[in-house]
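Asks: Take a look at the following structure, please.
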Amino acid sequence: SRGSRNAGKGNEFSMARIGVFVCHCGENIARTVDCAKVAEFASRLPGVVHAVDHRYMCSDPGQRLIQEAIREKNLTGVVVASCSPHMHEVTFRRAVQRAGLNPFLCEMANIREQCSWVHQDREEATEKACELVHLMVEKVKWNQPLEPIRVPMTRKALVIGGGIAGIQAALDIANGGREVILVEKEPSIGGHMAQLSETFPTLDCSQCIMTPRMVEVKNHPRITLYTYSEVESVDGYIGNFEVKIRKKARSVDENLCTGCGECQTKCPQGKSKTTQIPNEFDMGLSRRPAIFVPFPQAVPNVPVIDRAHCRYFEDGKCGVCKKVCPAGAVDFEQEDQVITETVGAIIVATGYDVMPASHYGEYGGGRYADVIDGLQFERLLSASGPTGGEPRRPSDGKVPETVVFVACAGSRDPAHGVGYCSKICCMYTAKHAMLYKHKVHHGQAYVFYMDIRAGGKNYDEFVRRAIEEEGAVYLRGRVSRIYEKDGKLIVKGADTLSGSPVEIEADLVVLATAVQPRDGAEALAQMLKVPYDGYCFLSEAHPKLRPVETNSSGVYLAGACQAPKDIPETVAQASAAAGKVLGLFSVEEMEREPTVSRINERTCIGCFDCERVCPFGAIERKEIRDRQGNLVKLVSHVNPGVCAGCGACVTTCRSGSADLAGFSDEQVMAQIAALGVG
């Protein structure tokens with residue numbers, strides 16, 4: 001019973017020596033809360049032997065104040081009344097530890113977010129702050145010294161996604177001396193950056209940057225590359241994730257293939273436009289055979305058979321590629337492989353998709369061949385693209401002499417379901433206008449925009465260059481309608497700066513459609529237990545202090561899976577995530593906070609309700625046997641490496657056998673009693 005557990009605590013409480021430290025947080029707290037009055041109130045509480053207020057308790061002088069009081073007053077517990085524990089609990093616990101006190105004998109009362117920031121009446125806010133301090137003083141009396149949990153760790157990382165973010169993260173970790181598994185669902189690594197012609201603001205060749213890094217990934221001794229593969233399941237916890245990867249059948253043996261290309265040139269479905277398949281890499285602007293390499297610089301440079309469109313897999317009547325392959329690499333019987341890997345950390349770098357132009361019917365997307373999106377225009381500009389780098393209209397192959405670019409076609413548009421800014425559109429639209437003028441000197445580029453967001457090094461100068469040097473005409477206003485007339489696209493809009501309507505006869509229209517998460521982002525987030533927003537972008541643990549970490553320990557974010565990003569920001573975040581992983585792998589055993597659940601095996605009745613409600617899979621079944629080895633009963637057992645300390649098992653346990661370290665029944669009841677409730 002609770003009474004028997006409390007027995008004998010009287011003497012212990014009479015010996016309690018609590019120190020209370022109230023922070024002004026500059027004016028964040030002191031503007032609304034009378035901090036001196038809170039400290040004076042705390043000094044009268046039973047067990048409190050020291051109470052002071054200070055302007056900045058988290059500062060070095062403030063932390064020294066706490067440490068000196070611990071030594072001089074022989075404190076047995078510390079309560080810091082300041083801002084959110086989410087921000088500074090680790091800071092203060094490290095401070096008390098340096099003074100020789102167990103860090104888990106330090107608690108925080110949040111009088112900023114819960115008092116000063118939500119109240120205007122100074123007297124009421126002060127009274128509430130006093131109550132919160134009282135709660136934590138009573139709680140800390142029941143605190144027990146706890147020791148960190150040590151968990152063995154597999155020092156190998158998994159990177160999901162082989163675009164520039166995944167490539168950068170994998171190379172940084174591998175160059176740091178740790179093994180990496182890189183999984184890419186497409187037949188080649190490279191992502192969207194491999195589709196680009198040139199990159200802003202330097203206009204350097206995208207492939208010139210990417211190709212050497214792609215080859216480096218393939219040849220790196222510490223990187224295991226799985227392309228045409230997907231993560232099927234993730235179990236376990238930080239330091240010890242068990243991952244199942246489905247390596248899909250290419251129908252081509254990677255070890256035998258020499259990359260000669262004979263199979264592609266002889267494929268019957270590549271001979272006629274009626275049998276060719278839209279090329280995904282060229283965004284449907286070109287066509288390919290059933291056996292193909294996505295692009296010339298692909299890594300690995302090994303074909304894959306598109307079984308959904310291959311005649312052999314449809315009716316078994318072809319097989320030409322197998323007959324002509326000089327290396328005998330084509331294998332129609334090849335099956336998917338499921339590979340199990342154990343890793344200590346996971347980086348999610350799954351990238352983005354763009355909203356298809358067809359989502360904008362009022363702009364003719366999906367109806368007019370010459371209304372395309374930004375990625376399609378990139379392929380028209382690329383030397384490896386369907387037109388060899390010369391911009392031509394998809395409808396008739398003619399060089400467009402007038403091109404209209406429509407910015408924010410999908411972004412910042414709640415009516416179409418996307419309320420956010422896609423961040424990169426202003427810059428790549430300026431790049432498109434500039435590159436178009438480089439290719440078609442007599443052509444004219446028009447840009448309809450809402451406003452220009454060019455926040456980055458040399459970004460604003462780049463946009464000005466497109467206007468002032470390349471002659472792009474920027475029109476501040478929205479496009480209302482696009483329709484076809486006499487072989488031209490009529491673009492109707494408005495110039496809000498001059499206050500006049502605008503009508504342009506265009507040969508080609510390029511929509512800067514919204515950046516969106518990749519298909520499957522939501523399912524992957526649920527598999528990894530990572531939170532995500534309403535658009536399915538994955539959420540970081542803290543936007544300022546933990547921008548690449550997630551609330552799922554050991555899982556990190558890199559690139560546009562988190563939000564729209566340009567290449568420099570993506571690369572920086574990928575390196576940051578890699579740095580976090582290398583920091584995690586710097587020790588052989590990982591330390592975790594001991595605020596996890598515990599189950600009393602003597603009183604556990606084996607109902608396993610706790611197992612059913614645990615969202616982290618931390619509850620295991622344990623056999624209790626007698627000395628003769630006979631099974632006595634099955635009980636629940638908490639794996640401390642997996643437990644996140646949510647307390648769901650405690651609230652569910654029928655026999656009261658589950659307890660949560662740091663939030664025991666005694667601590668909670670002591671806080672309730674301090675409020676005089678019940």
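Quick note on naming: the chains in the structure tokens go A, B, ... in the order shown, residues restart at 1 in each chain, and ligands are numbered from 1 in order of appearance.
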Would you list the contacts of stretch 190-199 of chain A as a VMD selection string, taking every protein, DNA or RNA residue within 8 Å and counting only C-alpha atoms, but skipping same-chain residues closer than 3 positions in sequence?
Replies: chain A and resid 162 to 164 167 202 to 207 210 214 281 to 282 298 to 299 351 375 378 to 379 381 to 383 431
Asks: Taking only stretch 4-226 of chain A into account, list the residues labelled helix (DSSP H, G or I) by DSSP (computed from the backbone), as a ChimeraX atom specification.
Replies: /A:4-6,9-14,35-43,60-73,85-98,103-105,112-116,122-142,164-175,191-195,206-219
Asks: What's around A:Ala308 at 12 Å? Count only C-alpha atoms, leave out sequence neighbours fewer than 6 positions away in its own chain, and write the answer as a PyMOL selection string.
Replies: chain A and resi 277+289-291+314-315
Asks: Would you save the residues from that selection as a tab-separated table (two decimals), in the first residue's frame, using C-alpha atoms?
Replies:
```
chain	number	residue	atom	x	y	z
A	277	ILE	CA	7.39	4.01	-72.08
A	289	PRO	CA	12.53	0.93	-73.55
A	290	ALA	CA	11.40	-1.63	-70.97
A	291	ILE	CA	15.00	-2.32	-69.93
A	314	GLU	CA	3.28	-9.72	-69.82
A	315	ASP	CA	3.03	-12.71	-72.15
```
Asks: Got a sec: who's within 6 Å of stretch 226-238 of chain A, counting only C-alpha atoms, leaving out chain neighbours fewer than 3 positions off, as a list in words?
Replies: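 Those residues are Val183, Glu184, Lys185, Glu186, Pro187, Phe241, Glu242, Val243, Lys244, Ile245, Arg246, Lys247, Lys248, Gly344, Ser553, Gly554 and Val642 of chain A.
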Asks: Need to verify the contact set: A:Pro152, 12 Å, only C-alpha atoms, exclusion of same-chain residues closer than 4 positions in sequence. Can you return it as a short mmCIF file (atom, residue, chain, number, x, y, z; two decimals) with all heavy atoms, in the first residue's frame?
Replies:
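Output contents, as saved in part.cif:
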```cif
data_model
loop_
_atom_site.label_atom_id
_atom_site.label_comp_id
_atom_site.auth_asym_id
_atom_site.auth_seq_id
_atom_site.Cartn_x
_atom_site.Cartn_y
_atom_site.Cartn_z
N TYR A 237 15.65 0.25 -31.16
CA TYR A 237 15.79 1.55 -30.52
C TYR A 237 17.18 2.10 -30.81
O TYR A 237 18.02 1.43 -31.42
CB TYR A 237 15.59 1.40 -29.01
CG TYR A 237 16.43 0.31 -28.39
CD1 TYR A 237 17.67 0.59 -27.81
CD2 TYR A 237 15.99 -1.02 -28.38
CE1 TYR A 237 18.45 -0.41 -27.26
CE2 TYR A 237 16.77 -2.02 -27.82
CZ TYR A 237 17.99 -1.72 -27.26
OH TYR A 237 18.76 -2.71 -26.71
N ILE A 238 17.41 3.35 -30.39
CA ILE A 238 18.67 4.03 -30.65
C ILE A 238 19.85 3.15 -30.25
O ILE A 238 19.88 2.58 -29.16
CB ILE A 238 18.72 5.38 -29.93
CG1 ILE A 238 20.05 6.10 -30.20
CG2 ILE A 238 18.49 5.23 -28.44
CD1 ILE A 238 20.11 7.52 -29.66
N GLY A 239 20.79 3.03 -31.15
CA GLY A 239 21.95 2.18 -30.90
C GLY A 239 21.77 0.77 -31.40
O GLY A 239 22.76 0.07 -31.67
N ASN A 240 20.51 0.34 -31.53
CA ASN A 240 20.24 -1.05 -31.91
C ASN A 240 18.93 -1.16 -32.69
O ASN A 240 17.97 -1.77 -32.25
CB ASN A 240 20.16 -1.94 -30.65
CG ASN A 240 21.48 -2.03 -29.92
OD1 ASN A 240 22.35 -2.82 -30.24
ND2 ASN A 240 21.64 -1.17 -28.91
N PHE A 241 18.89 -0.54 -33.86
CA PHE A 241 17.73 -0.67 -34.74
C PHE A 241 17.92 -1.90 -35.62
O PHE A 241 19.01 -2.14 -36.16
CB PHE A 241 17.59 0.55 -35.66
CG PHE A 241 17.24 1.82 -34.96
CD1 PHE A 241 18.18 2.82 -34.78
CD2 PHE A 241 15.95 2.03 -34.49
CE1 PHE A 241 17.87 4.01 -34.16
CE2 PHE A 241 15.62 3.22 -33.85
CZ PHE A 241 16.58 4.22 -33.68
N VAL A 343 21.60 -1.40 -37.15
CA VAL A 343 22.27 -0.09 -37.20
C VAL A 343 22.02 0.65 -35.89
O VAL A 343 21.07 0.36 -35.15
CB VAL A 343 21.78 0.76 -38.38
CG1 VAL A 343 22.08 0.08 -39.71
CG2 VAL A 343 20.28 1.05 -38.27
N GLY A 344 22.88 1.62 -35.62
CA GLY A 344 22.73 2.39 -34.39
C GLY A 344 22.01 3.71 -34.57
O GLY A 344 21.49 4.27 -33.61
N LEU A 584 27.32 10.48 -31.71
CA LEU A 584 26.69 9.34 -31.04
C LEU A 584 27.60 8.12 -31.05
O LEU A 584 27.70 7.38 -30.06
CB LEU A 584 25.37 9.01 -31.75
CG LEU A 584 24.56 7.82 -31.24
CD1 LEU A 584 24.02 8.09 -29.84
CD2 LEU A 584 23.41 7.51 -32.19
N PHE A 585 28.30 7.93 -32.17
CA PHE A 585 29.16 6.75 -32.33
C PHE A 585 30.55 6.92 -31.70
O PHE A 585 31.40 6.05 -31.84
CB PHE A 585 29.34 6.43 -33.81
CG PHE A 585 28.11 5.89 -34.48
CD1 PHE A 585 28.08 5.70 -35.86
CD2 PHE A 585 26.97 5.58 -33.76
CE1 PHE A 585 26.95 5.20 -36.49
CE2 PHE A 585 25.83 5.10 -34.38
CZ PHE A 585 25.82 4.90 -35.75
N VAL A 587 31.35 6.81 -28.70
CA VAL A 587 31.52 5.92 -27.55
C VAL A 587 30.97 4.55 -27.89
O VAL A 587 30.11 4.40 -28.78
CB VAL A 587 30.81 6.48 -26.30
CG1 VAL A 587 31.47 7.77 -25.83
CG2 VAL A 587 29.33 6.74 -26.58
N GLU A 588 31.46 3.53 -27.19
CA GLU A 588 31.00 2.16 -27.47
C GLU A 588 29.66 1.88 -26.82
O GLU A 588 28.88 1.06 -27.31
CB GLU A 588 32.04 1.15 -26.98
CG GLU A 588 33.34 1.19 -27.78
CD GLU A 588 34.28 0.09 -27.37
OE1 GLU A 588 33.89 -0.76 -26.55
OE2 GLU A 588 35.42 0.09 -27.87
N GLU A 589 29.40 2.53 -25.69
CA GLU A 589 28.12 2.37 -25.01
C GLU A 589 27.44 3.72 -24.92
O GLU A 589 28.08 4.75 -24.72
CB GLU A 589 28.31 1.81 -23.60
CG GLU A 589 28.66 0.35 -23.54
CD GLU A 589 28.66 -0.17 -22.12
OE1 GLU A 589 29.05 0.59 -21.21
OE2 GLU A 589 28.25 -1.32 -21.91
N MET A 590 26.13 3.71 -25.07
CA MET A 590 25.36 4.93 -25.04
C MET A 590 24.74 5.12 -23.67
O MET A 590 24.31 4.16 -23.03
CB MET A 590 24.27 4.85 -26.10
CG MET A 590 23.34 6.03 -26.17
SD MET A 590 22.04 5.71 -27.35
CE MET A 590 21.34 4.21 -26.68
N GLU A 591 24.73 6.36 -23.20
CA GLU A 591 24.08 6.68 -21.93
C GLU A 591 22.70 7.24 -22.20
O GLU A 591 22.52 8.12 -23.04
CB GLU A 591 24.89 7.71 -21.15
CG GLU A 591 26.09 7.13 -20.43
CD GLU A 591 26.69 8.11 -19.43
OE1 GLU A 591 26.16 9.24 -19.31
OE2 GLU A 591 27.68 7.75 -18.78
N ARG A 592 21.71 6.72 -21.46
CA ARG A 592 20.34 7.23 -21.58
C ARG A 592 19.85 7.66 -20.22
O ARG A 592 20.27 7.12 -19.19
CB ARG A 592 19.41 6.15 -22.13
CG ARG A 592 19.68 5.75 -23.56
CD ARG A 592 18.46 5.09 -24.15
NE ARG A 592 17.35 6.02 -24.26
CZ ARG A 592 16.07 5.64 -24.35
NH1 ARG A 592 15.75 4.36 -24.35
NH2 ARG A 592 15.10 6.53 -24.45
N PRO A 640 14.96 -1.08 -20.85
CA PRO A 640 15.27 0.33 -20.60
C PRO A 640 15.86 1.05 -21.79
O PRO A 640 15.81 2.28 -21.88
CB PRO A 640 16.27 0.27 -19.43
CG PRO A 640 16.89 -1.09 -19.53
CD PRO A 640 15.81 -1.98 -20.07
N GLY A 641 16.43 0.31 -22.73
CA GLY A 641 16.97 0.94 -23.93
C GLY A 641 15.91 1.44 -24.88
O GLY A 641 16.15 2.30 -25.71
#
```
Asks: Got a sec: who's within 12 Å of A:Glu89, counting only C-alpha atoms, leaving out chain neighbours fewer than 3 positions off, as a PyMOL selection string?
Replies: chain A and resi 57-58+78-86+92-96+103-110
Asks: Output N, CA and C atoms for every residue in the selection just made, as a PDB file, in the first residue's frame.
Replies:
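The result, written out as part17.pdb:
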```pdb
ATOM      1  N   MET A  57      19.571  32.901 -14.180  1.00  0.00           N
ATOM      2  CA  MET A  57      20.034  31.731 -13.446  1.00  0.00           C
ATOM      3  C   MET A  57      20.813  30.766 -14.337  1.00  0.00           C
ATOM      4  N   CYS A  58      20.531  30.760 -15.654  1.00  0.00           N
ATOM      5  CA  CYS A  58      21.231  29.838 -16.546  1.00  0.00           C
ATOM      6  C   CYS A  58      22.606  30.355 -16.944  1.00  0.00           C
ATOM      7  N   VAL A  78      17.469  20.348  -5.293  1.00  0.00           N
ATOM      8  CA  VAL A  78      17.465  21.684  -5.881  1.00  0.00           C
ATOM      9  C   VAL A  78      16.212  21.856  -6.724  1.00  0.00           C
ATOM     10  N   VAL A  79      15.558  23.016  -6.576  1.00  0.00           N
ATOM     11  CA  VAL A  79      14.443  23.391  -7.449  1.00  0.00           C
ATOM     12  C   VAL A  79      14.807  24.709  -8.118  1.00  0.00           C
ATOM     13  N   VAL A  80      14.805  24.707  -9.449  1.00  0.00           N
ATOM     14  CA  VAL A  80      15.071  25.925 -10.219  1.00  0.00           C
ATOM     15  C   VAL A  80      13.752  26.380 -10.833  1.00  0.00           C
ATOM     16  N   ALA A  81      13.310  27.560 -10.456  1.00  0.00           N
ATOM     17  CA  ALA A  81      12.071  28.123 -11.010  1.00  0.00           C
ATOM     18  C   ALA A  81      12.466  29.073 -12.133  1.00  0.00           C
ATOM     19  N   SER A  82      12.237  28.651 -13.356  1.00  0.00           N
ATOM     20  CA  SER A  82      12.656  29.480 -14.494  1.00  0.00           C
ATOM     21  C   SER A  82      11.791  29.147 -15.699  1.00  0.00           C
ATOM     22  N   CYS A  83      12.433  28.839 -16.829  1.00  0.00           N
ATOM     23  CA  CYS A  83      11.679  28.579 -18.062  1.00  0.00           C
ATOM     24  C   CYS A  83      11.439  27.078 -18.229  1.00  0.00           C
ATOM     25  N   SER A  84      11.169  26.666 -19.452  1.00  0.00           N
ATOM     26  CA  SER A  84      10.767  25.289 -19.713  1.00  0.00           C
ATOM     27  C   SER A  84      11.900  24.297 -19.453  1.00  0.00           C
ATOM     28  N   PRO A  85      11.612  23.180 -18.768  1.00  0.00           N
ATOM     29  CA  PRO A  85      12.620  22.118 -18.625  1.00  0.00           C
ATOM     30  C   PRO A  85      13.097  21.601 -19.977  1.00  0.00           C
ATOM     31  N   HIS A  86      12.245  21.705 -20.968  1.00  0.00           N
ATOM     32  CA  HIS A  86      12.614  21.282 -22.319  1.00  0.00           C
ATOM     33  C   HIS A  86      13.846  22.047 -22.810  1.00  0.00           C
ATOM     34  N   PHE A  92      20.857  22.696 -15.965  1.00  0.00           N
ATOM     35  CA  PHE A  92      20.873  22.787 -14.503  1.00  0.00           C
ATOM     36  C   PHE A  92      21.264  21.458 -13.856  1.00  0.00           C
ATOM     37  N   ARG A  93      20.872  20.358 -14.456  1.00  0.00           N
ATOM     38  CA  ARG A  93      21.267  19.069 -13.881  1.00  0.00           C
ATOM     39  C   ARG A  93      22.776  18.849 -13.990  1.00  0.00           C
ATOM     40  N   ARG A  94      23.362  19.328 -15.084  1.00  0.00           N
ATOM     41  CA  ARG A  94      24.820  19.243 -15.195  1.00  0.00           C
ATOM     42  C   ARG A  94      25.496  20.149 -14.174  1.00  0.00           C
ATOM     43  N   ALA A  95      24.885  21.290 -13.899  1.00  0.00           N
ATOM     44  CA  ALA A  95      25.459  22.220 -12.920  1.00  0.00           C
ATOM     45  C   ALA A  95      25.474  21.602 -11.526  1.00  0.00           C
ATOM     46  N   VAL A  96      24.366  20.988 -11.114  1.00  0.00           N
ATOM     47  CA  VAL A  96      24.338  20.387  -9.773  1.00  0.00           C
ATOM     48  C   VAL A  96      25.259  19.171  -9.705  1.00  0.00           C
ATOM     49  N   PRO A 103      22.366  14.451 -10.384  1.00  0.00           N
ATOM     50  CA  PRO A 103      21.612  15.382 -11.240  1.00  0.00           C
ATOM     51  C   PRO A 103      20.104  15.188 -11.175  1.00  0.00           C
ATOM     52  N   PHE A 104      19.648  13.991 -10.803  1.00  0.00           N
ATOM     53  CA  PHE A 104      18.211  13.734 -10.778  1.00  0.00           C
ATOM     54  C   PHE A 104      17.571  14.134  -9.452  1.00  0.00           C
ATOM     55  N   LEU A 105      18.357  14.838  -8.614  1.00  0.00           N
ATOM     56  CA  LEU A 105      17.814  15.480  -7.423  1.00  0.00           C
ATOM     57  C   LEU A 105      17.574  16.960  -7.690  1.00  0.00           C
ATOM     58  N   CYS A 106      17.584  17.323  -8.972  1.00  0.00           N
ATOM     59  CA  CYS A 106      17.286  18.690  -9.413  1.00  0.00           C
ATOM     60  C   CYS A 106      15.998  18.677 -10.221  1.00  0.00           C
ATOM     61  N   GLU A 107      15.062  19.579  -9.893  1.00  0.00           N
ATOM     62  CA  GLU A 107      13.803  19.699 -10.619  1.00  0.00           C
ATOM     63  C   GLU A 107      13.604  21.150 -11.032  1.00  0.00           C
ATOM     64  N   MET A 108      12.751  21.340 -12.047  1.00  0.00           N
ATOM     65  CA  MET A 108      12.466  22.690 -12.537  1.00  0.00           C
ATOM     66  C   MET A 108      10.978  23.003 -12.433  1.00  0.00           C
ATOM     67  N   ALA A 109      10.686  24.222 -11.991  1.00  0.00           N
ATOM     68  CA  ALA A 109       9.316  24.744 -12.021  1.00  0.00           C
ATOM     69  C   ALA A 109       9.247  25.749 -13.161  1.00  0.00           C
ATOM     70  N   ASN A 110       8.345  25.510 -14.093  1.00  0.00           N
ATOM     71  CA  ASN A 110       8.254  26.356 -15.286  1.00  0.00           C
ATOM     72  C   ASN A 110       7.359  27.558 -14.990  1.00  0.00           C
TER      73      ASN A 110
END
```
Asks: Please provide as a ChimeraX atom specification all residues within 10 Å of A:His134, with the sequence filter that same-chain residues fewer than 2 positions apart are discarded (counting only C-alpha atoms).
Replies: /A:20,38,41-42,45-46,79,109,128-132,136-139,671,674-675
Asks: Kindly provide the residues of stretch 18-115 of chain A that approach stretch 122-126 of chain A to within 6 Å, each paired with its closest atom pair and their distance in Å to one decimal, based on only C-alpha atoms, listed by chain and increasing number, as JSON lines.
Replies:
```
{"residue": "A:Thr32", "atom": "CA", "partner": "A:Arg122", "partner_atom": "CA", "distance": 4.9}
{"residue": "A:Val33", "atom": "CA", "partner": "A:Thr126", "partner_atom": "CA", "distance": 4.8}
{"residue": "A:Asp34", "atom": "CA", "partner": "A:Thr126", "partner_atom": "CA", "distance": 5.7}
{"residue": "A:Cys115", "atom": "CA", "partner": "A:Ala125", "partner_atom": "CA", "distance": 5.4}
```
Asks: From the list A:Ala170, A:Ala445, A:Ile181, A:Ile111, which residue is nearest A:Arg31 when using only C-alpha atoms?
Replies: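 Of the candidates, the smallest distance to A:Arg31 is held by A:Ile111.
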Asks: When distances are computed from only C-alpha atoms, which of A:Arg598, A:Arg288, A:Lys580, A:Lys37 shows the smallest separation from A:Leu660?
Replies: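 Ranked by minimum distance to A:Leu660, first place goes to A:Arg598.
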Asks: For the contact check between stretch 321-386 of chain A and stretch 465-488 of chain A, emit one row per residue of stretch 321-386 of chain A within 7 Å, containing the shortest atom pair and the distance in Å rounded to one decimal, counting only C-alpha atoms, chain then rising number order, as a tab-separated table.
Replies:
```
residue	atom	partner	partner_atom	distance
A:Glu362	CA	A:Arg481	CA	5.6
A:Tyr363	CA	A:Ile482	CA	4.7
A:Gly364	CA	A:Ile482	CA	6.0
```
Asks: Taking only C-alpha atoms into account, name the residue in A:Arg155, A:Tyr446, A:Ala514, A:Gly284 that is nearest to A:Leu582.
Replies: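 Selected residue with least distance to A:Leu582: A:Arg155.
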Asks: May I ask for the distance between atom CA of A:Ser655 and atom CA of A:Gly676, given in Å to one decimal place?
Replies: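 One can read the atom CA of A:Ser655 to atom CA of A:Gly676 distance as 27.0 Å.
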Asks: Rank A:Gly617, A:Gly410, A:Gly47, A:Gly166 by their smallest atom-to-atom distance to A:Ser358, using only C-alpha atoms, and report the top residue only.
Replies: A:Gly410
Asks: I need the residue nearest A:Glu540 from this list: A:Cys649, A:Val159, A:Val510, A:Val348. Use only C-alpha atoms for the distance.
Replies: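 The shortest atom-to-atom distance to A:Glu540 comes from A:Val348.
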Asks: Determine the nearest neighbour of A:Ile173 from the options A:Gly388, A:Gly499, A:Gly261, A:Gly579, counting only C-alpha atoms.
Replies: A:Gly579
Asks: Could you please write out, as a VMD selection string, every residue of stretch 1-89 of chain A that DSSP assigns to strand (DSSP E or B)?
Replies: chain A and resid 18 to 23 48 to 54 77 to 82
